[in-house]
Structures are given as structure tokens and as C-alpha cells.
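Notes for the one structure printed next.
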Amino acid sequence: MFSSCYSVDAVEPPSPFAPEDFDGAGTVFTNGNTVLAGYQKEDRSPSINGIGGHRKGAETYLQTALRETVEELFGLDDVPVTLIQTLGQTLKTSRVHKSGSYVLVIYTFADLETLLKVVERAVRRSPLYRVFPKTLSSLIIDRDPNVNPRPEIIHLCILPVVKGCFVDSQLLEDMEIIKPELAATRMMISV
């Protein structure tokens with residue numbers, strides 16, 4: 001599998017590979033030690049994932065990554081093309097990583113707060129928030145996972161940048177104390 005990382009200096013980075021040479025793209029927001037991730041329950045196998053998805057039509061990797069980010073962070077189905085163009089011109093991409101047919105665009109948490117301002121000006125509302133989030137904290141904490149239709153990413157979280165990690169069984173038990181119906185689910189799964 002081909003994997004490489006490119007540093008870029010332009011606001012809208014040039015594609016270091018053929019435009020048709022990718023099937024999907026996404027973003028990661030990081031400070032180098034932690035990343036923003038999302039919990040997808042409706043997927044074939046519920047999991048915590050990054051933010052991104054499949055290319056639509058003739059999109060560039062940057063357009064795909066930004067569209068998927070807005071869709072998944074804010075539960076929006078029809079992201080205005082002008083919003084994607086504005087984000088592409090406003091956010092400063094520092095690195096682009098390509099692995100196989102997937103392109104990852106890397107941004108900082110400061111870039112995420114810029115994205116929040118730009119998206120709020122363009123769309124004003126999100127079905128996932130009573131008040132549009134202005135900070136990383138409000139993006140995570142104020143998200144309503146119980147809206148209908150259910151968003152692709154239900155919860156957001158901050159994860160450490162580590163390799164080979166697992167969830168401690170005591171933490172899972174602590175979660176069952178917070179939400180007792182999880183205990184029944186775990187027992188059903190383990191039977």
C-alpha cells in the first residue's frame with residue numbers, strides 16, 4: 001500500500017498526486033498529542049473513527065475532506081459549495097497524507113475553531129446543537145446524540161495519539177454505572 005506524507009505551504013495545497021488517484025478523504029484536528037475522533041454507531045461495526053468519507057463526483061481531495069468534515073461534525077446533508085470553497089481558502093493545511101486511495105488532511109485545533117466560525121456564518125444552525133458550537137469543548141460536550149435522523153457520527157471525543165491501546169474493563173464498568181442499560185447490552189454481547 002502506497003503511503004506518503006506531504007508538507008504544503010499554500011492555503012489551498014496543490015495535489016501531490018493525480019486528482020483521480022483517491023477514493024476518499026478526511027481531516028484530523030490535532031495538537032500533536034491528541035486528536036478529535038467520532039463514535040459511529042450505525043456503521044456495520046460500531047467504532048470510534050476519524051472524520052471523512054467517500055469522494056463525490058469530480059471533487060478534489062480537499063473538497064471531499066472539508067465536505068465530509070462539515071457533514072459529520074454538524075449533521076448537515078447539503079453542504080453549500082461556497083462554504084467548502086471558503087473553508088479551502090481560509091484554513092491553512094500544513095500536511096497531507098496519502099495512504100492507498102485515502103487522503104488525510106491534517107489541521108490544528110486552532111484551525112478547528114476557525115472552521116467553527118466560518119461554518120456558523122454560512123449555515124447558522126446545526127440539528128445537533130441548540131447553540132452553534134464556538135469552541136472545541138462545546139463541539140464535544142453540547143452535541144445532542146438523540147436527534148432524528150441519527151447522524152453518522154453520534155459522539156465526538158478527544159483521544160491521545162498513541163498506538164496499541166485498549167479500553168480498560170474498569171472504565172467500561174464505570175460507564176455501566178453512568179448508564180445502567182449498557183450492562184444488559186454487554187451481557188447480551190458476551191453470551
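A note on labels: chains of the C-alpha cells are A, B, ... as shown, every chain counts residues from 1, and ligands are counted from 1 in their shown order.
Residues surrounding Ile106 of chain A within 7 Å are Thr27, Val28, Phe29, Thr93, Ser94, Arg95 and Val96 of chain A [only C-alpha atoms; sequence separation below 3 positions excluded].
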Store the residues picked out above in a file with N, CA and C atoms, as an mmCIF file, in the first residue's frame.
```
data_model
loop_
_atom_site.group_PDB
_atom_site.id
_atom_site.type_symbol
_atom_site.label_atom_id
_atom_site.label_comp_id
_atom_site.auth_asym_id
_atom_site.auth_seq_id
_atom_site.Cartn_x
_atom_site.Cartn_y
_atom_site.Cartn_z
ATOM 1 N N THR A 27 -10.317 14.608 7.428
ATOM 2 C CA THR A 27 -9.476 15.534 8.176
ATOM 3 C C THR A 27 -9.164 14.945 9.540
ATOM 4 N N VAL A 28 -8.088 15.411 10.106
ATOM 5 C CA VAL A 28 -7.794 15.164 11.510
ATOM 6 C C VAL A 28 -7.408 16.520 12.102
ATOM 7 N N PHE A 29 -8.003 16.808 13.266
ATOM 8 C CA PHE A 29 -7.661 18.013 14.010
ATOM 9 C C PHE A 29 -6.842 17.555 15.206
ATOM 10 N N THR A 93 -3.705 24.380 5.555
ATOM 11 C CA THR A 93 -3.306 22.976 5.630
ATOM 12 C C THR A 93 -1.796 22.906 5.752
ATOM 13 N N SER A 94 -1.321 22.189 6.775
ATOM 14 C CA SER A 94 0.126 22.073 6.942
ATOM 15 C C SER A 94 0.670 20.755 6.398
ATOM 16 N N ARG A 95 -0.169 19.702 6.452
ATOM 17 C CA ARG A 95 0.287 18.400 5.953
ATOM 18 C C ARG A 95 -0.855 17.647 5.316
ATOM 19 N N VAL A 96 -0.499 16.875 4.316
ATOM 20 C CA VAL A 96 -1.442 15.997 3.633
ATOM 21 C C VAL A 96 -0.790 14.620 3.591
#
```
Hey, what's within 10 Å of Glu72 of chain A if we count only C-alpha atoms and toss same-chain stuff fewer than 2 positions away? As an MDAnalysis selection string, please? chainID A and resid 38 51:53 66:70 74:77 151:154 156
Thr108 of chain A environment, 8 Å, only C-alpha atoms, sequence neighbours closer than 3 positions dropped, as a VMD selection string: chain A and resid 29 to 31 111 to 112
Residues from last step as file, C-alpha atoms, as a short mmCIF file (atom, residue, chain, number, x, y, z; two decimals), in the first residue's frame:
```
data_model
loop_
_atom_site.label_atom_id
_atom_site.label_comp_id
_atom_site.auth_asym_id
_atom_site.auth_seq_id
_atom_site.Cartn_x
_atom_site.Cartn_y
_atom_site.Cartn_z
CA PHE A 29 -7.66 18.01 14.01
CA THR A 30 -4.74 17.68 16.41
CA ASN A 31 -2.30 19.40 18.71
CA ASP A 111 -7.94 25.60 12.59
CA LEU A 112 -10.97 23.78 14.01
#
```
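You can rank A:Thr86, A:Gln40, A:Asn33, A:Thr64 by their closest distance to Arg121 of chain A using only C-alpha atoms, and at the top of that list sits A:Thr86.
Closest approach to Arg143 of chain A from the set A:Met175, A:Val118, A:Ala25, A:Leu73 is made by A:Leu73, with distances taken over only C-alpha atoms.
Our summary of the geometry notes that atom CA of Leu115 of chain A is positioned 22.7 Å from atom CA of Val147 of chain A.
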If you run DSSP on this backbone, which residues of segment 41-135 of chain A come out as strand (DSSP E or B), and could you give them as JSON, numbers by chain? {"A": [47, 48, 49, 51, 52, 53, 54, 95, 96, 97, 98, 99, 102, 103, 104, 105, 106, 107, 108, 126, 129]}
DSSP-assigned alpha helix (DSSP H) members of chain A, reported as a count of residues only: 65
If you count only C-alpha atoms, which residues fall within 8 Å of Ala37 of chain A, apart from same-chain ones fewer than 2 positions away, as a PyMOL selection string? chain A and resi 28+35+39+48-51+156-159
Please save C-alpha atoms of the selected residues as a PDB file, in the first residue's frame.
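Output saved as part-v5.pdb:
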```pdb
ATOM      1  CA  VAL A  28      -7.794  15.164  11.510  1.00  0.00           C
ATOM      2  CA  VAL A  35      -6.932  14.143  18.049  1.00  0.00           C
ATOM      3  CA  TYR A  39     -18.209   7.417  17.525  1.00  0.00           C
ATOM      4  CA  ILE A  48     -14.508   5.280  17.094  1.00  0.00           C
ATOM      5  CA  ASN A  49     -13.250   6.671  13.817  1.00  0.00           C
ATOM      6  CA  GLY A  50     -11.720   9.676  12.184  1.00  0.00           C
ATOM      7  CA  ILE A  51     -13.693  12.215  10.185  1.00  0.00           C
ATOM      8  CA  LEU A 156     -17.202  13.307  19.467  1.00  0.00           C
ATOM      9  CA  CYS A 157     -14.191  12.754  21.703  1.00  0.00           C
ATOM     10  CA  ILE A 158     -10.565  13.668  22.175  1.00  0.00           C
ATOM     11  CA  LEU A 159      -8.158  10.749  22.041  1.00  0.00           C
TER      12      LEU A 159
END
```
